[in-house]
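Participant: Could you have a look at this structure, given as structure tokens, before my questions?
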Amino acid sequence: MAEATAHAHHGPSPQEQAENIKFGVWLYLASEVIIFSVFITIYAMFRAQNPDTVFHVREELGIALVSFNTFLLLTSSWAMVMGLRAIQAGKQRALMAWIGLTALLGTAFVGLQYVEYTELAHAGVAINNTNASVFAGFGMRFYTPTAFHGAHVIIGVIWALWVVWRAWKGRYSTENYVGVETFGLYWHFVDVVWILLFTLIYLV
Amino acid sequence: MTDEAHPHHHDAIILPGDRRIRLPGGIYTFVFVVLALLTLIEIFLAGMPEGPARVLVLFGIAIGKAALVVIYYMHLKDDRRIFAWTLLVPLIFATLGGFFLLLSPVPYST
């Protein structure tokens with residue numbers, strides 16, 4: 001009884017709290033796995049049964065722009081984890097610089113995705129192409145996963161700026177950086193999703 | 001927390017054969033370089049003639065890249081095992097469901 005009262009007073013240790021927060025983020029990411037899996041499966045089914053349509057789209061678009069964009073996102077993941085490394089070593093300014101770079105690269109990614117969408121729209125790839133179009137059925141299956149992913153990048157950029165703001169306020173230290181870690185889990189997950197979408201949609 | 005708690009603070013990377021190289025950023029930078037090289041290989045392979053082998057290799061590389069990010073950048077290598085299972089269980093079910101749908105003989109209409 002006395003032990004239970006002591007627990008009620010003290011609660012979980014800071015390390016236990018950090019682990020619980022990270023577990024919560026992992027559970028959230030598990031739900032994201034299901035959502036993106038649905039989009040990926042729908043696209044894969046379309047790709048397997050309509051190779052000519054995908055061929056027409058690739059003729060219009062090429063992969064130079066999206067390949068560059070992929071490198072931007074990979075670099076942003078590296079910048080993110082370097083920021084975590086910085087705060088683990090107690091370097092506040094380096095944390096701000098690395099996470100700021102992460103936000104910048106994420107913004108560039110979204111900007112170039114907009115450029116790509118514009119090019120596709122000019123080529124005639126729309127969400128509601130009719131069956132008469134050579135792009136029939138492609139638009140919805142392409143824009144849904146890539147735009148949903150892009151929305152995640154935008155949220156990630158906002159989250160990154162929030163981390164920078166909190167770092168500027170001195171909220172992180174060598175002992176307390178779970179806020180940076182949880183943002184990192186989210187950002188790297190977004191990167192992992194893009195790694196798979198890039199291969200499935202643009203390369204295979 | 002000490003450097004022992006965060007081995008990534010060290011810039012040294014241990015290669016097969018117990019060879020060590022020093023790289024600013026340590027394992028994180030090393031993984032980034034590997035990811036970039038694998039992406040270049042993928043882009044090169046995308047220009048190759050179509051075929052099942054190309055598809056398998058491209059997906060193999062993509063899964064390898066994703067695994068590198070999850071293991072090293074998301075720290076599943078060092079973190080609690082429950083985190084890995086939290087990711088793996090839905091992933092396994094989603095993959096099985098996806099293959100079931102892909103292998104379905106029902107024609108898929110646009």
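In the structure tokens, the first chain shown is A, the next is B, and so on; residue numbers restart at 1 for each chain, and ligands run from 1 in the order shown.
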May I have the residues of chain B within 8 Å of chain A, counting only C-alpha atoms, written as a ChimeraX atom specification?
Facilitator: /B:1,6,8-9,25,28-29,32,35-36,42-43,46,54-55,58-59,62-63,65-66,69-70,73-74,83,86-87,90-91,94-95,98,101-102,108,110
Participant: May I have the selected residues written with C-alpha atoms, as a compact mmCIF listing (two decimals), in the first residue's frame?
Facilitator:
```
# COMPACT_ATOMS: atom_id res chain seq x y z
CA MET B 1 23.61 11.19 -20.78
CA HIS B 6 24.81 7.28 -27.15
CA HIS B 8 26.53 7.47 -32.21
CA HIS B 9 28.53 10.35 -30.75
CA GLY B 25 28.68 12.43 -38.20
CA TYR B 28 24.61 8.68 -39.54
CA THR B 29 26.74 10.12 -42.33
CA PHE B 32 23.40 8.73 -45.68
CA LEU B 35 21.39 5.69 -49.13
CA ALA B 36 22.57 8.19 -51.75
CA GLU B 42 18.13 2.69 -58.56
CA ILE B 43 17.98 5.61 -61.01
CA ALA B 46 15.28 2.46 -64.00
CA ARG B 54 14.68 -5.39 -62.67
CA VAL B 55 11.48 -5.05 -60.61
CA LEU B 58 14.52 -2.23 -57.50
CA PHE B 59 12.15 -3.32 -54.74
CA ALA B 62 14.05 0.19 -51.80
CA ILE B 63 13.34 -2.19 -48.91
CA LYS B 65 17.05 1.67 -47.96
CA ALA B 66 13.88 1.78 -45.84
CA VAL B 69 16.50 4.45 -42.15
CA VAL B 70 14.36 2.53 -39.66
CA TYR B 73 17.91 6.83 -38.05
CA MET B 74 14.82 5.69 -36.12
CA PHE B 83 8.75 -0.45 -30.87
CA THR B 86 4.60 -2.03 -33.21
CA LEU B 87 5.88 -1.30 -36.70
CA PRO B 90 0.74 -3.84 -39.18
CA LEU B 91 3.41 -3.96 -41.88
CA ALA B 94 -0.68 -4.90 -44.81
CA THR B 95 1.91 -6.65 -47.00
CA GLY B 98 -1.57 -6.25 -50.57
CA LEU B 101 -5.19 -8.31 -53.73
CA LEU B 102 -2.40 -8.14 -56.32
CA TYR B 108 -9.34 -4.65 -62.16
CA THR B 110 -10.35 1.65 -64.27
```
Participant: How would you write, as a ChimeraX atom specification, the set of residues in stretch 15-184 of chain A that DSSP gives as helix (DSSP H, G or I)?
Facilitator: /A:15-49,51-61,64-88,92-123,138-168,178-184
Participant: Keeping only C-alpha atoms, write the selected residues as a CSV table (one decimal), in the first residue's frame.
Facilitator:
```csv
chain,number,residue,atom,x,y,z
A,15,GLN,CA,13.2,8.2,-18.8
A,16,GLU,CA,10.0,6.2,-18.5
A,17,GLN,CA,8.0,9.2,-19.6
A,18,ALA,CA,10.2,9.6,-22.7
A,19,GLU,CA,9.8,5.9,-23.5
A,20,ASN,CA,6.0,6.2,-23.2
A,21,ILE,CA,5.9,9.2,-25.5
A,22,LYS,CA,8.0,7.4,-28.0
A,23,PHE,CA,5.8,4.4,-27.8
A,24,GLY,CA,2.8,6.6,-28.5
A,25,VAL,CA,4.5,8.0,-31.6
A,26,TRP,CA,5.2,4.4,-32.8
A,27,LEU,CA,1.6,3.5,-32.3
A,28,TYR,CA,0.6,6.5,-34.4
A,29,LEU,CA,3.1,5.5,-37.1
A,30,ALA,CA,1.6,2.0,-37.1
A,31,SER,CA,-1.7,3.5,-38.1
A,32,GLU,CA,0.1,5.4,-40.8
A,33,VAL,CA,1.5,2.2,-42.1
A,34,ILE,CA,-2.0,0.9,-42.7
A,35,ILE,CA,-3.1,4.1,-44.5
A,36,PHE,CA,-0.1,4.3,-46.8
A,37,SER,CA,-0.3,0.5,-47.5
A,38,VAL,CA,-3.8,1.0,-48.8
A,39,PHE,CA,-2.6,3.7,-51.2
A,40,ILE,CA,0.4,1.7,-52.3
A,41,THR,CA,-1.6,-1.4,-52.9
A,42,ILE,CA,-4.2,0.5,-55.0
A,43,TYR,CA,-1.4,2.0,-57.1
A,44,ALA,CA,0.4,-1.3,-57.5
A,45,MET,CA,-2.8,-3.0,-58.7
A,46,PHE,CA,-3.3,-0.2,-61.3
A,47,ARG,CA,0.4,-0.3,-62.3
A,48,ALA,CA,0.3,-4.1,-62.8
A,49,GLN,CA,-2.9,-4.0,-65.0
A,51,PRO,CA,1.4,-0.6,-67.9
A,52,ASP,CA,0.7,1.4,-71.0
A,53,THR,CA,-0.9,4.2,-69.1
A,54,VAL,CA,2.1,4.5,-66.7
A,55,PHE,CA,4.4,4.4,-69.8
A,56,HIS,CA,2.6,7.4,-71.3
A,57,VAL,CA,2.9,9.4,-68.0
A,58,ARG,CA,6.6,8.6,-67.7
A,59,GLU,CA,7.2,9.8,-71.3
A,60,GLU,CA,5.7,13.1,-70.3
A,61,LEU,CA,7.5,13.5,-67.0
A,64,ALA,CA,15.1,14.0,-63.2
A,65,LEU,CA,13.1,16.3,-61.1
A,66,VAL,CA,11.7,13.6,-58.7
A,67,SER,CA,15.1,12.1,-58.4
A,68,PHE,CA,16.5,15.4,-57.3
A,69,ASN,CA,13.6,15.8,-54.9
A,70,THR,CA,14.3,12.3,-53.5
A,71,PHE,CA,17.9,13.4,-52.7
A,72,LEU,CA,16.5,16.5,-50.9
A,73,LEU,CA,14.4,14.3,-48.6
A,74,LEU,CA,17.2,11.9,-48.0
A,75,THR,CA,19.5,14.8,-47.1
A,76,SER,CA,16.8,16.2,-44.8
A,77,SER,CA,16.6,12.9,-42.9
A,78,TRP,CA,20.4,13.1,-42.4
A,79,ALA,CA,20.1,16.7,-41.2
A,80,MET,CA,17.4,15.6,-38.8
A,81,VAL,CA,19.5,12.9,-37.2
A,82,MET,CA,22.5,15.2,-37.0
A,83,GLY,CA,20.3,17.6,-35.1
A,84,LEU,CA,19.5,14.9,-32.6
A,85,ARG,CA,23.2,14.0,-32.3
A,86,ALA,CA,23.9,17.7,-31.7
A,87,ILE,CA,21.5,18.0,-28.7
A,88,GLN,CA,22.7,14.7,-27.3
A,92,GLN,CA,21.8,23.9,-28.9
A,93,ARG,CA,22.9,26.1,-31.8
A,94,ALA,CA,23.9,23.1,-33.9
A,95,LEU,CA,20.5,21.6,-33.1
A,96,MET,CA,18.7,24.7,-34.4
A,97,ALA,CA,20.9,24.8,-37.5
A,98,TRP,CA,20.4,21.1,-38.4
A,99,ILE,CA,16.6,21.1,-37.8
A,100,GLY,CA,16.3,24.5,-39.6
A,101,LEU,CA,18.1,22.8,-42.6
A,102,THR,CA,15.6,19.9,-42.3
A,103,ALA,CA,12.7,22.4,-42.5
A,104,LEU,CA,14.3,24.1,-45.5
A,105,LEU,CA,14.9,20.9,-47.4
A,106,GLY,CA,11.3,19.8,-46.6
A,107,THR,CA,10.0,23.1,-48.0
A,108,ALA,CA,12.0,22.7,-51.1
A,109,PHE,CA,10.7,19.2,-51.5
A,110,VAL,CA,7.1,20.4,-51.4
A,111,GLY,CA,7.9,23.3,-53.8
A,112,LEU,CA,9.3,21.0,-56.4
A,113,GLN,CA,6.4,18.6,-55.9
A,114,TYR,CA,4.2,21.6,-56.8
A,115,VAL,CA,6.3,22.1,-60.0
A,116,GLU,CA,5.9,18.5,-60.9
A,117,TYR,CA,2.1,18.6,-60.4
A,118,THR,CA,2.0,21.7,-62.6
A,119,GLU,CA,3.9,19.9,-65.4
A,120,LEU,CA,1.6,16.9,-65.1
A,121,ALA,CA,-1.5,19.1,-65.2
A,122,HIS,CA,-0.1,20.7,-68.4
A,123,ALA,CA,0.4,17.3,-69.9
A,138,PHE,CA,-3.9,7.3,-63.3
A,139,GLY,CA,-4.4,10.7,-61.8
A,140,MET,CA,-6.4,9.7,-58.8
A,141,ARG,CA,-4.1,6.8,-58.0
A,142,PHE,CA,-1.0,9.0,-58.4
A,143,TYR,CA,-2.1,12.2,-56.7
A,144,THR,CA,-3.7,10.6,-53.7
A,145,PRO,CA,-0.6,8.9,-52.2
A,146,THR,CA,1.9,11.6,-53.3
A,147,ALA,CA,-0.3,14.5,-52.1
A,148,PHE,CA,-1.1,12.7,-48.9
A,149,HIS,CA,2.7,12.3,-48.4
A,150,GLY,CA,3.2,15.9,-49.4
A,151,ALA,CA,0.8,16.9,-46.6
A,152,HIS,CA,2.8,14.9,-44.2
A,153,VAL,CA,6.0,16.8,-45.3
A,154,ILE,CA,4.2,20.1,-44.8
A,155,ILE,CA,3.1,19.1,-41.3
A,156,GLY,CA,6.7,17.9,-40.7
A,157,VAL,CA,8.1,21.3,-41.7
A,158,ILE,CA,5.8,23.1,-39.3
A,159,TRP,CA,6.8,20.6,-36.6
A,160,ALA,CA,10.5,21.2,-37.4
A,161,LEU,CA,10.0,24.9,-37.0
A,162,TRP,CA,8.3,24.3,-33.7
A,163,VAL,CA,11.3,22.2,-32.6
A,164,VAL,CA,13.7,25.1,-33.6
A,165,TRP,CA,11.6,27.6,-31.7
A,166,ARG,CA,11.7,25.4,-28.6
A,167,ALA,CA,15.4,24.9,-29.0
A,168,TRP,CA,15.8,28.7,-29.2
A,178,VAL,CA,12.5,13.4,-26.4
A,179,GLY,CA,10.7,16.3,-28.3
A,180,VAL,CA,13.5,16.1,-30.9
A,181,GLU,CA,13.4,12.3,-31.0
A,182,THR,CA,9.7,12.1,-31.6
A,183,PHE,CA,9.9,14.7,-34.4
A,184,GLY,CA,12.7,12.6,-35.8
```
Participant: Interatomic distance between atom CA of B:Ile14 and atom CA of B:Asp78?
Facilitator: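 If I compute the distance from atom CA of B:Ile14 to atom CA of B:Asp78, I get 16.5 Å.
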Participant: Contacts of B:Phe30 at 9 Å or less, counting only C-alpha atoms, minus same-chain residues fewer than 6 places along, as JSON, numbers by chain?
Facilitator: {"B": [13, 23, 24]}
